[in-house]
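Enquirer: File structure29.txt below, compact mmCIF, C-alpha atoms and all ligand atoms:
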```txt
# COMPACT_ATOMS: atom_id res chain seq x y z
CA MET A 721 100.72 117.05 105.29
CA ASP A 722 101.99 116.30 101.83
CA ALA A 723 103.36 119.09 99.67
CA TYR A 724 100.89 120.02 96.89
CA GLN A 725 103.03 118.42 94.21
CA ASN A 726 103.21 115.09 96.06
CA VAL A 727 99.42 114.89 96.01
CA GLY A 728 99.48 115.64 92.28
CA ILE A 729 101.99 112.86 91.63
CA LYS A 730 99.99 110.33 93.68
CA ARG A 731 96.66 111.27 92.06
CA ARG A 732 98.10 111.10 88.58
CA MET A 733 99.76 107.73 89.20
CA LYS A 734 96.30 106.39 90.03
CA ARG A 735 95.06 107.36 86.56
CA PHE A 736 97.27 104.55 85.20
CA PHE A 737 97.44 102.02 88.01
CA ARG A 738 94.36 100.31 89.31
CA ARG A 739 94.03 99.29 92.97
CA ASP A 740 96.06 96.17 92.24
CA GLY A 741 99.02 98.43 91.37
CA ARG A 742 99.04 97.26 87.75
CA ALA A 743 98.50 98.93 84.41
CA LEU A 744 98.18 98.13 80.72
CA ILE A 745 99.28 101.08 78.60
CA PHE A 746 99.02 101.49 74.83
CA ALA A 747 102.10 102.93 73.09
CA MET A 748 101.91 104.88 69.87
CA ASP A 749 105.14 106.64 69.04
CA HIS A 750 106.11 104.22 66.28
CA GLY A 751 105.32 106.52 63.35
CA PHE A 752 108.19 108.66 64.60
CA GLU A 753 110.61 106.13 66.11
CA HIS A 754 110.27 103.34 63.55
CA GLY A 755 108.43 105.04 60.67
CA PRO A 756 104.88 104.64 59.34
CA THR A 757 105.75 101.24 57.79
CA ASP A 758 105.04 99.77 61.26
CA PHE A 759 101.35 100.34 60.48
CA GLU A 760 101.33 98.73 57.05
CA GLU A 761 99.87 95.43 58.27
CA HIS A 762 96.66 97.22 59.30
CA TRP A 763 97.01 100.55 57.63
CA GLU A 764 93.87 102.09 59.10
CA HIS A 765 95.70 102.13 62.46
CA VAL A 766 98.13 104.73 61.17
CA ASN A 767 95.30 107.13 61.96
CA PRO A 768 95.67 107.78 65.69
CA ARG A 769 91.99 108.63 66.16
CA ILE A 770 90.91 105.23 64.83
CA ILE A 771 93.25 103.11 66.97
CA ILE A 772 92.91 105.27 70.09
CA LYS A 773 89.12 104.93 69.97
CA LYS A 774 89.51 101.14 69.77
CA VAL A 775 91.97 100.82 72.66
CA VAL A 776 89.93 103.12 74.88
CA ARG A 777 86.75 101.18 74.10
CA ALA A 778 88.52 97.95 75.05
CA GLY A 779 89.29 99.35 78.52
CA ILE A 780 93.01 100.22 78.32
CA ASP A 781 94.42 101.94 81.44
CA GLY A 782 96.67 104.45 79.72
CA VAL A 783 97.97 105.75 76.40
CA MET A 784 101.50 106.96 75.60
CA MET A 785 102.12 109.37 72.71
CA LEU A 786 104.48 112.10 71.53
CA PRO A 787 103.11 115.65 71.84
CA GLY A 788 102.11 116.14 68.20
CA LEU A 789 100.08 112.94 68.09
CA ALA A 790 98.36 113.88 71.33
CA ARG A 791 97.40 117.10 69.60
CA ALA A 792 95.62 115.02 66.95
CA ALA A 793 94.10 112.30 69.12
CA GLY A 794 94.55 113.24 72.79
CA ILE A 795 90.91 114.26 72.86
CA ASP A 796 89.94 110.60 72.27
CA VAL A 797 91.80 109.51 75.40
CA LYS A 798 88.81 109.62 77.75
CA PRO A 799 89.21 111.26 81.16
CA ASN A 800 89.31 107.88 82.93
CA VAL A 801 92.37 106.82 80.89
CA GLY A 802 95.86 108.05 81.80
CA LEU A 803 97.64 110.13 79.16
CA MET A 804 101.43 109.78 79.11
CA ILE A 805 103.34 112.25 76.98
CA LYS A 806 106.83 111.29 75.94
CA LEU A 807 109.16 114.22 75.46
CA THR A 808 112.15 112.52 73.84
CA SER A 809 112.55 110.50 70.69
CA LYS A 810 114.64 109.81 67.60
CA THR A 811 113.87 108.86 64.03
CA ASN A 812 115.19 105.78 62.32
CA LEU A 813 116.47 108.08 59.60
CA ARG A 814 119.34 109.65 61.47
CA PRO A 815 122.89 108.37 60.92
CA LYS A 816 123.86 105.15 62.65
CA ASP A 817 126.25 106.90 65.05
CA ASP A 818 123.40 109.08 66.32
CA GLN A 819 120.90 106.23 66.81
CA LEU A 820 122.03 105.90 70.42
CA LEU A 821 120.69 109.31 71.34
CA GLN A 822 117.12 110.35 72.13
CA SER A 823 116.59 114.08 71.62
CA GLN A 824 114.06 116.29 73.32
CA LEU A 825 111.18 117.13 70.98
CA GLY A 826 108.82 118.80 73.42
CA TYR A 827 108.71 120.48 76.82
CA VAL A 828 107.05 119.80 80.15
CA GLU A 829 104.78 122.79 79.49
CA ASP A 830 103.56 121.13 76.28
CA ALA A 831 102.59 118.00 78.20
CA VAL A 832 100.79 120.13 80.76
CA LYS A 833 98.89 121.99 78.02
CA LEU A 834 97.90 118.65 76.47
CA GLY A 835 96.36 117.47 79.76
CA ALA A 836 99.00 114.82 80.45
CA ASP A 837 98.88 112.64 83.55
CA ALA A 838 102.52 111.54 83.29
CA ILE A 839 105.64 112.62 81.45
CA ALA A 840 108.06 110.16 79.89
CA ALA A 841 111.61 110.27 78.55
CA THR A 842 114.07 107.63 77.36
CA VAL A 843 117.60 107.07 78.59
CA TYR A 844 119.82 104.64 76.70
CA TRP A 845 122.04 103.55 79.57
CA GLY A 846 125.47 102.65 78.26
CA SER A 847 125.21 104.80 75.14
CA PRO A 848 128.18 107.03 74.25
CA GLN A 849 125.59 109.83 74.59
CA GLU A 850 124.38 108.66 78.01
CA ASP A 851 125.51 111.93 79.61
CA ALA A 852 123.23 114.05 77.39
CA MET A 853 120.21 111.81 78.06
CA MET A 854 120.88 111.77 81.82
CA ARG A 855 120.91 115.55 81.90
CA GLN A 856 117.82 115.73 79.71
CA PHE A 857 115.99 113.32 82.01
CA ALA A 858 117.13 115.17 85.14
CA GLU A 859 115.81 118.47 83.80
CA ILE A 860 112.49 117.02 82.71
CA ALA A 861 112.02 115.07 85.95
CA SER A 862 112.91 117.94 88.23
CA TYR A 863 110.48 120.34 86.59
CA ALA A 864 107.72 117.75 86.17
CA HIS A 865 107.98 116.76 89.84
CA ASP A 866 107.77 120.40 90.90
CA LEU A 867 104.49 120.62 89.00
CA GLY A 868 103.10 117.38 90.48
CA PHE A 869 103.61 115.07 87.50
CA PRO A 870 104.95 111.52 87.73
CA VAL A 871 107.87 110.79 85.45
CA VAL A 872 108.35 107.61 83.47
CA GLN A 873 111.77 106.47 82.34
CA PHE A 874 112.16 104.19 79.36
CA ALA A 875 115.35 102.72 80.79
CA TYR A 876 117.00 100.92 77.90
CA PRO A 877 120.53 99.59 78.11
CA ARG A 878 121.99 100.15 74.68
CA GLY A 879 125.54 100.70 73.45
CA PRO A 880 128.73 99.08 72.14
CA TYR A 881 130.22 98.40 75.57
CA ILE A 882 127.06 96.55 76.64
CA ASN A 883 127.23 94.25 73.65
CA GLU A 884 130.92 93.66 74.28
CA LYS A 885 130.52 92.95 77.98
CA TYR A 886 127.13 91.21 78.22
CA GLY A 887 126.53 89.95 74.69
CA ARG A 888 122.98 91.28 74.48
CA LYS A 889 121.08 94.28 75.79
CA GLU A 890 118.41 92.00 77.29
CA ASP A 891 120.89 90.30 79.63
CA TYR A 892 119.23 90.58 83.03
CA ARG A 893 122.33 92.04 84.67
CA VAL A 894 122.28 95.03 82.40
CA VAL A 895 118.46 95.44 82.33
CA MET A 896 118.59 95.37 86.14
CA TYR A 897 121.33 97.97 86.07
CA GLY A 898 119.24 100.22 83.82
CA ALA A 899 116.20 99.84 86.11
CA ARG A 900 118.30 100.73 89.13
CA ALA A 901 119.77 103.73 87.32
CA ALA A 902 116.21 104.83 86.51
CA VAL A 903 115.23 104.68 90.18
CA GLU A 904 118.33 106.52 91.28
CA SER A 905 117.73 109.21 88.69
CA GLY A 906 114.22 109.85 90.01
CA ALA A 907 111.78 107.80 87.89
CA ASP A 908 108.28 107.06 89.23
CA MET A 909 107.67 104.28 86.67
CA ILE A 910 110.13 102.27 84.60
CA LYS A 911 109.63 100.68 81.20
CA THR A 912 112.19 98.13 80.15
CA TYR A 913 113.00 94.92 78.26
CA TRP A 914 112.00 91.37 79.01
CA THR A 915 114.98 89.44 80.37
CA GLY A 916 113.87 85.99 79.21
CA SER A 917 112.61 84.41 82.44
CA ARG A 918 110.51 85.10 85.51
CA GLU A 919 113.47 84.58 87.80
CA THR A 920 115.65 87.17 86.10
CA PHE A 921 112.80 89.68 85.64
CA ALA A 922 112.05 89.36 89.37
CA LYS A 923 115.58 90.57 90.00
CA VAL A 924 114.93 93.62 87.83
CA VAL A 925 111.81 94.29 89.90
CA ASP A 926 113.85 93.95 93.12
CA ALA A 927 116.51 96.33 91.81
CA ALA A 928 113.76 98.87 91.10
CA ALA A 929 113.15 99.03 94.87
CA GLY A 930 109.38 99.56 94.76
CA VAL A 931 109.19 101.70 91.62
CA PRO A 932 106.73 99.96 89.25
CA VAL A 933 108.40 98.12 86.37
CA LEU A 934 106.49 97.83 83.09
CA LEU A 935 107.41 95.58 80.21
CA SER A 936 108.29 97.20 76.89
CA GLY A 937 106.11 95.15 74.53
CA GLY A 938 108.38 94.41 71.55
CA ALA A 939 107.66 92.89 68.14
CA LYS A 940 104.27 91.31 67.45
CA THR A 941 104.04 87.61 68.19
CA ASP A 942 102.25 85.58 65.50
CA ASN A 943 100.29 83.68 68.11
CA PRO A 944 98.47 86.12 70.42
CA VAL A 945 98.63 83.61 73.29
CA ASP A 946 102.43 83.79 73.23
CA PHE A 947 102.26 87.47 74.07
CA LEU A 948 99.63 86.86 76.78
CA LYS A 949 102.03 84.30 78.28
CA LEU A 950 104.86 86.80 78.25
CA VAL A 951 102.77 89.38 80.09
CA TRP A 952 101.63 86.67 82.53
CA ASP A 953 105.31 85.94 83.29
CA VAL A 954 105.94 89.65 83.88
CA ILE A 955 103.06 89.78 86.37
CA GLU A 956 104.16 86.58 88.10
CA ALA A 957 107.65 88.07 88.41
CA GLY A 958 106.25 91.08 90.25
CA GLY A 959 106.12 93.42 87.25
CA ALA A 960 103.46 96.13 87.24
CA GLY A 961 102.14 95.52 83.72
CA ALA A 962 103.13 96.43 80.20
CA VAL A 963 103.40 99.24 77.65
CA VAL A 964 102.34 97.68 74.36
CA GLY A 965 102.34 99.03 70.83
CA ARG A 966 102.86 96.64 67.90
CA ASN A 967 101.17 93.69 69.59
CA ILE A 968 98.03 95.83 69.65
CA PHE A 969 97.98 97.97 66.50
CA GLN A 970 99.41 95.29 64.22
CA ARG A 971 96.42 93.04 64.96
CA GLU A 972 93.37 93.28 62.78
CA ASP A 973 91.01 93.32 65.74
CA PRO A 974 92.87 94.68 68.77
CA GLU A 975 89.85 94.89 71.10
CA PRO A 976 89.46 91.24 72.17
CA PHE A 977 93.23 91.00 72.44
CA ILE A 978 93.36 93.99 74.81
CA LYS A 979 90.51 92.53 76.85
CA ALA A 980 92.41 89.26 77.17
CA LEU A 981 95.54 91.17 78.23
CA LEU A 982 93.51 93.01 80.86
CA ARG A 983 92.30 89.67 82.21
CA VAL A 984 95.91 88.52 82.59
CA VAL A 985 97.15 91.80 84.08
CA HIS A 986 94.29 92.54 86.46
CA ARG A 987 92.62 89.22 87.17
CA ASN A 988 95.64 86.95 87.13
CA GLU A 989 93.86 84.79 84.57
CA ASP A 990 95.69 82.00 82.86
CA PRO A 991 96.64 83.22 79.33
CA GLU A 992 94.85 80.38 77.50
CA GLU A 993 91.69 80.87 79.58
CA ALA A 994 91.83 84.63 78.95
CA ALA A 995 92.26 84.03 75.22
CA LYS A 996 89.31 81.61 75.17
CA ALA A 997 87.11 83.98 77.14
CA GLU A 998 87.70 86.70 74.52
CA GLY A 999 87.22 84.41 71.53
CA LEU A 1000 90.88 84.36 70.49
CA LEU A 1001 91.02 80.56 70.62
O1 LIG A 1101 110.81 102.24 73.13
C1 LIG A 1101 110.18 102.21 72.16
C2 LIG A 1101 110.74 101.70 70.87
O2 LIG A 1101 111.80 100.86 71.25
P1 LIG A 1101 112.78 100.24 70.20
O3 LIG A 1101 113.77 101.31 69.85
O4 LIG A 1101 111.97 99.76 69.04
O5 LIG A 1101 113.42 99.11 70.97
C3 LIG A 1101 108.86 102.74 72.30
O6 LIG A 1101 108.92 103.91 71.65
C4 LIG A 1101 107.72 101.84 71.92
O7 LIG A 1101 106.59 102.59 71.98
C5 LIG A 1101 107.67 100.71 72.88
O8 LIG A 1101 108.71 99.82 72.59
C6 LIG A 1101 106.35 99.94 72.96
O9 LIG A 1101 105.96 99.50 71.71
P2 LIG A 1101 106.13 98.00 71.25
O10 LIG A 1101 107.55 97.59 71.47
O11 LIG A 1101 105.19 97.19 72.12
O12 LIG A 1101 105.70 98.00 69.83
```
Before we go any further, please render this structure as structure tokens.
Expert:
Amino acid sequence: MDAYQNVGIKRRMKRFFRRDGRALIFAMDHGFEHGPTDFEEHWEHVNPRIIIKKVVRAGIDGVMMLPGLARAAGIDVKPNVGLMIKLTSKTNLRPKDDQLLQSQLGYVEDAVKLGADAIAATVYWGSPQEDAMMRQFAEIASYAHDLGFPVVQFAYPRGPYINEKYGRKEDYRVVMYGARAAVESGADMIKTYWTGSRETFAKVVDAAAGVPVLLSGGAKTDNPVDFLKLVWDVIEAGGAGAVVGRNIFQREDPEPFIKALLRVVHRNEDPEEAAKAEGLL
């Protein structure tokens, strides 16, 4: 028989991942990490209750927020949608030397009180402050696991040595390294960068040794089909889906776009066909 907490972890994982083992998750921590200017293109989406209602209506599988935003809009994340609470962050206002550190801004207990289904934290692998983030993650993960919560690691290679050695943080060798480090530090889901090709992303998926790997969305593409194609490549490479922020809330009408993404993620639909089916083309 499974220990109680193992059942909790498995049940909560299913609130994000459908039977196909894939998930599309909406991210909304940008007001804190990037600043509210990220919402200027469609300013009404700065209001979490407005955008959360839209993404839930479109059929999103999960929503990721920081604790304070979940306090404002967590109630709009319907019970059939997974709620991921991220417990670490940083502002874009802090000095440059401190930009490579994510600090803890909430506790596992806060996520529990908010009705979370998963708990997330970022580690910048390769940062001069890697040690602090590793310890932070270990503490969060250990306690969350004891309570039956799956833990998500935003495993981002970032730091001067990475740039020196690999040229760019999206180099597959270093993304793969970050994904592996996430697995070995106890993550149940991994969110990371696109490596530029299916072949290289497949290696990241292999290095994750069965732990689901989700794409970190990135900047909005002007053509929505370009982003659908990117997510299609992730799926074809064995990725488990995507965590998407700007590509959703920076669009005037996010609902058909989310529906098209869901077609790609869950029905393996060709991106152009999915876009046509949802009236994007
Ligand atoms: O990791 C994050 C920000 O990363 P960044 O420092 O901008 O590379 C997350 O907080 C975002 O929520 C995540 O990147 C998903 O949002 P989009 O990238 O799709 O906007």
Enquirer: Excluding Asp837 of chain A and its own-chain neighbours fewer than 4 positions away, which residues fall within 10 Å of it when counting only C-alpha atoms? Please give them as a list of chain:residue names.
Expert: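 Close residues of Asp837 of chain A: A:Gly728, A:Ile729, A:Arg731, A:Arg732, A:Met733, A:Lys734, A:Arg735, A:Phe736, A:Gly782, A:Val783, A:Val801, A:Gly802, A:Leu803, A:Met804, A:Ile805, A:Ala831, A:Val832, A:Gly868, A:Phe869, A:Pro870, A:Val871.
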Enquirer: Around ligand LIG 1101 (chain A), which protein and nucleic acid residues have at least one atom no more than 10 Å from it, if we count only C-alpha atoms and all ligand atoms? List them as an MDAnalysis selection string.
Expert: chainID A and resid 745:754 758 784:786 806 808:812 819:820 822 841:844 874:876 878 911:913 935:940 962:970
Enquirer: Smallest atom-to-atom distance to Glu859 of chain A: which of A:Val828, A:Ala997, A:Ile780, A:Ala901, using all atoms listed in the file?
Expert: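 Answer, going by the shortest atom-to-atom distance: A:Val828.
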Enquirer: Excluding same-chain residues fewer than 6 positions from Pro787 of chain A, what lies within 9 Å of it counting all atoms listed in the file, as a ChimeraX atom specification?
Expert: /A:794,805-807,825-827,830-831,834
Enquirer: Restricting it to C-alpha atoms, dump the selection as a PDB file, in the frame of the given file.
Expert:
```pdb
ATOM      1  CA  GLY A 794      94.550 113.240  72.790  1.00  0.00           C
ATOM      2  CA  ILE A 805     103.340 112.250  76.980  1.00  0.00           C
ATOM      3  CA  LYS A 806     106.830 111.290  75.940  1.00  0.00           C
ATOM      4  CA  LEU A 807     109.160 114.220  75.460  1.00  0.00           C
ATOM      5  CA  LEU A 825     111.180 117.130  70.980  1.00  0.00           C
ATOM      6  CA  GLY A 826     108.820 118.800  73.420  1.00  0.00           C
ATOM      7  CA  TYR A 827     108.710 120.480  76.820  1.00  0.00           C
ATOM      8  CA  ASP A 830     103.560 121.130  76.280  1.00  0.00           C
ATOM      9  CA  ALA A 831     102.590 118.000  78.200  1.00  0.00           C
ATOM     10  CA  LEU A 834      97.900 118.650  76.470  1.00  0.00           C
TER      11      LEU A 834
END
```
Enquirer: Between atom CA of Glu989 of chain A and atom CA of Glu890 of chain A, measure the distance and give it in Å to one decimal.
Expert: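 Interatomic distance, atom CA of Glu989 of chain A to atom CA of Glu890 of chain A: 26.6 Å.
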Enquirer: If you measure from atom CA of Asp781 of chain A to atom CA of Glu761 of chain A, what distance in Å do you get, rounded to one decimal?
Expert: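 Computed distance, atom CA of Asp781 of chain A to atom CA of Glu761 of chain A, equals 24.7 Å.
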Enquirer: Please report the interatomic distance between atom CA of Arg893 of chain A and atom CA of Glu919 of chain A in Å with one decimal.
Expert: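 Result for atom CA of Arg893 of chain A versus atom CA of Glu919 of chain A: 12.0 Å, one decimal.
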Enquirer: Considering all atoms listed in the file, state which residue in the set A:Gly887, A:Asp722, A:His986, A:Pro991 is at the smallest distance from Arg738 of chain A.
Expert: A:His986
Enquirer: Which residue gives the smallest distance to Lys885 of chain A among A:Gly846, A:Ala899, A:Gln856, A:Asn943, with only C-alpha atoms counted?
Expert: A:Gly846
Enquirer: Residues within 9 Å of Ile771 of chain A, please, as a ChimeraX atom specification. Count only C-alpha atoms; anything in the same chain fewer than 6 positions from it doesn't count.
Expert: /A:764-765,969,974
Enquirer: Quick one: residues within 12 Å of Val984 of chain A, all atoms listed in the file, excluding same-chain residues fewer than 4 positions away - as a PDB file with C-alpha atoms, in the coordinates of the input?
Expert:
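Full text of selection-v7.pdb as output:
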```pdb
ATOM      1  CA  ARG A 742      99.040  97.260  87.750  1.00  0.00           C
ATOM      2  CA  ALA A 743      98.500  98.930  84.410  1.00  0.00           C
ATOM      3  CA  LEU A 744      98.180  98.130  80.720  1.00  0.00           C
ATOM      4  CA  VAL A 945      98.630  83.610  73.290  1.00  0.00           C
ATOM      5  CA  PHE A 947     102.260  87.470  74.070  1.00  0.00           C
ATOM      6  CA  LEU A 948      99.630  86.860  76.780  1.00  0.00           C
ATOM      7  CA  LYS A 949     102.030  84.300  78.280  1.00  0.00           C
ATOM      8  CA  LEU A 950     104.860  86.800  78.250  1.00  0.00           C
ATOM      9  CA  VAL A 951     102.770  89.380  80.090  1.00  0.00           C
ATOM     10  CA  TRP A 952     101.630  86.670  82.530  1.00  0.00           C
ATOM     11  CA  ASP A 953     105.310  85.940  83.290  1.00  0.00           C
ATOM     12  CA  VAL A 954     105.940  89.650  83.880  1.00  0.00           C
ATOM     13  CA  ILE A 955     103.060  89.780  86.370  1.00  0.00           C
ATOM     14  CA  GLU A 956     104.160  86.580  88.100  1.00  0.00           C
ATOM     15  CA  ALA A 960     103.460  96.130  87.240  1.00  0.00           C
ATOM     16  CA  GLY A 961     102.140  95.520  83.720  1.00  0.00           C
ATOM     17  CA  ALA A 962     103.130  96.430  80.200  1.00  0.00           C
ATOM     18  CA  PHE A 977      93.230  91.000  72.440  1.00  0.00           C
ATOM     19  CA  ILE A 978      93.360  93.990  74.810  1.00  0.00           C
ATOM     20  CA  LYS A 979      90.510  92.530  76.850  1.00  0.00           C
ATOM     21  CA  ALA A 980      92.410  89.260  77.170  1.00  0.00           C
ATOM     22  CA  ASN A 988      95.640  86.950  87.130  1.00  0.00           C
ATOM     23  CA  GLU A 989      93.860  84.790  84.570  1.00  0.00           C
ATOM     24  CA  ASP A 990      95.690  82.000  82.860  1.00  0.00           C
ATOM     25  CA  PRO A 991      96.640  83.220  79.330  1.00  0.00           C
ATOM     26  CA  GLU A 992      94.850  80.380  77.500  1.00  0.00           C
ATOM     27  CA  GLU A 993      91.690  80.870  79.580  1.00  0.00           C
ATOM     28  CA  ALA A 994      91.830  84.630  78.950  1.00  0.00           C
ATOM     29  CA  ALA A 995      92.260  84.030  75.220  1.00  0.00           C
ATOM     30  CA  ALA A 997      87.110  83.980  77.140  1.00  0.00           C
ATOM     31  CA  GLU A 998      87.700  86.700  74.520  1.00  0.00           C
TER      32      GLU A 998
END
```
Enquirer: Using only C-alpha atoms - which residues lie no farther than 10 Å from the point (131.5, 109.3, 67.0) in the file's frame? Write them as number ranges by chain.
Expert: A: 816-818, 848-849
Enquirer: Hey, what's within 8 Å of Asp908 of chain A if we count all atoms listed in the file and toss same-chain stuff fewer than 5 positions away? As number ranges by chain, please?
Expert: A: 870-873, 903, 931-932
Enquirer: Given the point (118.7, 109.4, 90.9) in the file's coordinates, find the residues that have an atom at most 12 Å from it, counting only C-alpha atoms, and give them as a list in words.
Expert: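 All residues meeting the 12 Å criterion around (118.7, 109.4, 90.9) are Met854, Arg855, Phe857, Ala858, Glu859, Ala861, Ser862, Gln873, Gly898, Ala899, Arg900, Ala901, Ala902, Val903, Glu904, Ser905, Gly906, Ala907, Asp908 and Ala928 of chain A.
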Enquirer: Those same residues - C-alpha atoms - I'd like them written as a PDB file, keeping the file's coordinate frame.
Expert:
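Listing of selection39.pdb after writing:
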```pdb
ATOM      1  CA  MET A 854     120.880 111.770  81.820  1.00  0.00           C
ATOM      2  CA  ARG A 855     120.910 115.550  81.900  1.00  0.00           C
ATOM      3  CA  PHE A 857     115.990 113.320  82.010  1.00  0.00           C
ATOM      4  CA  ALA A 858     117.130 115.170  85.140  1.00  0.00           C
ATOM      5  CA  GLU A 859     115.810 118.470  83.800  1.00  0.00           C
ATOM      6  CA  ALA A 861     112.020 115.070  85.950  1.00  0.00           C
ATOM      7  CA  SER A 862     112.910 117.940  88.230  1.00  0.00           C
ATOM      8  CA  GLN A 873     111.770 106.470  82.340  1.00  0.00           C
ATOM      9  CA  GLY A 898     119.240 100.220  83.820  1.00  0.00           C
ATOM     10  CA  ALA A 899     116.200  99.840  86.110  1.00  0.00           C
ATOM     11  CA  ARG A 900     118.300 100.730  89.130  1.00  0.00           C
ATOM     12  CA  ALA A 901     119.770 103.730  87.320  1.00  0.00           C
ATOM     13  CA  ALA A 902     116.210 104.830  86.510  1.00  0.00           C
ATOM     14  CA  VAL A 903     115.230 104.680  90.180  1.00  0.00           C
ATOM     15  CA  GLU A 904     118.330 106.520  91.280  1.00  0.00           C
ATOM     16  CA  SER A 905     117.730 109.210  88.690  1.00  0.00           C
ATOM     17  CA  GLY A 906     114.220 109.850  90.010  1.00  0.00           C
ATOM     18  CA  ALA A 907     111.780 107.800  87.890  1.00  0.00           C
ATOM     19  CA  ASP A 908     108.280 107.060  89.230  1.00  0.00           C
ATOM     20  CA  ALA A 928     113.760  98.870  91.100  1.00  0.00           C
TER      21      ALA A 928
END
```
Enquirer: Return the single residue from A:Lys774, A:Phe921, A:Asp942, A:Val933 that is closest to Met909 of chain A, with distances computed using all atoms listed in the file.
Expert: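 Ranked by minimum distance to Met909 of chain A, first place goes to A:Val933.
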Enquirer: Counting only C-alpha atoms, figure out which residue out of A:Ala723, A:Val797, A:Ile772, A:Leu821 gets nearest to His865 of chain A.
Expert: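 Counting only C-alpha atoms, the residue closest to His865 of chain A is A:Ala723.
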Enquirer: Which of these residues is nearest to Glu850 of chain A, using only C-alpha atoms: A:Arg777, A:Leu982, A:Pro799, A:Gly879?
Expert: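 Smallest distance to Glu850 of chain A is found for A:Gly879.
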Enquirer: Where atoms are absent from segment 985-999 of chain A, fill them in so it carries N, CA and C atoms, then output it as a compact mmCIF listing (two decimals), in the coordinates of the input.
Expert:
```
# COMPACT_ATOMS: atom_id res chain seq x y z
N VAL A 985 96.50 90.78 83.23
CA VAL A 985 97.15 91.80 84.08
C VAL A 985 96.36 92.01 85.38
N HIS A 986 95.06 92.13 85.27
CA HIS A 986 94.29 92.54 86.46
C HIS A 986 93.56 91.41 87.18
N ARG A 987 93.35 90.31 86.50
CA ARG A 987 92.62 89.22 87.17
C ARG A 987 93.46 87.98 87.35
N ASN A 988 94.74 88.10 87.02
CA ASN A 988 95.64 86.95 87.13
C ASN A 988 95.12 85.72 86.39
N GLU A 989 94.41 85.95 85.29
CA GLU A 989 93.86 84.79 84.57
C GLU A 989 94.93 84.09 83.76
N ASP A 990 94.81 82.80 83.69
CA ASP A 990 95.69 82.00 82.86
C ASP A 990 95.57 82.49 81.39
N PRO A 991 96.69 82.66 80.69
CA PRO A 991 96.64 83.22 79.33
C PRO A 991 95.70 82.47 78.37
N GLU A 992 95.71 81.14 78.43
CA GLU A 992 94.85 80.38 77.50
C GLU A 992 93.38 80.61 77.84
N GLU A 993 93.08 80.64 79.15
CA GLU A 993 91.69 80.87 79.58
C GLU A 993 91.24 82.27 79.14
N ALA A 994 92.15 83.25 79.33
CA ALA A 994 91.83 84.63 78.95
C ALA A 994 91.58 84.72 77.45
N ALA A 995 92.41 84.01 76.68
CA ALA A 995 92.26 84.03 75.22
C ALA A 995 90.93 83.39 74.83
N LYS A 996 90.58 82.28 75.48
CA LYS A 996 89.31 81.61 75.17
C LYS A 996 88.14 82.52 75.52
N ALA A 997 88.21 83.14 76.67
CA ALA A 997 87.11 83.98 77.14
C ALA A 997 86.84 85.14 76.16
N GLU A 998 87.88 85.57 75.45
CA GLU A 998 87.70 86.70 74.52
C GLU A 998 87.61 86.24 73.07
N GLY A 999 87.44 84.94 72.88
CA GLY A 999 87.22 84.41 71.53
C GLY A 999 88.46 84.38 70.67
```
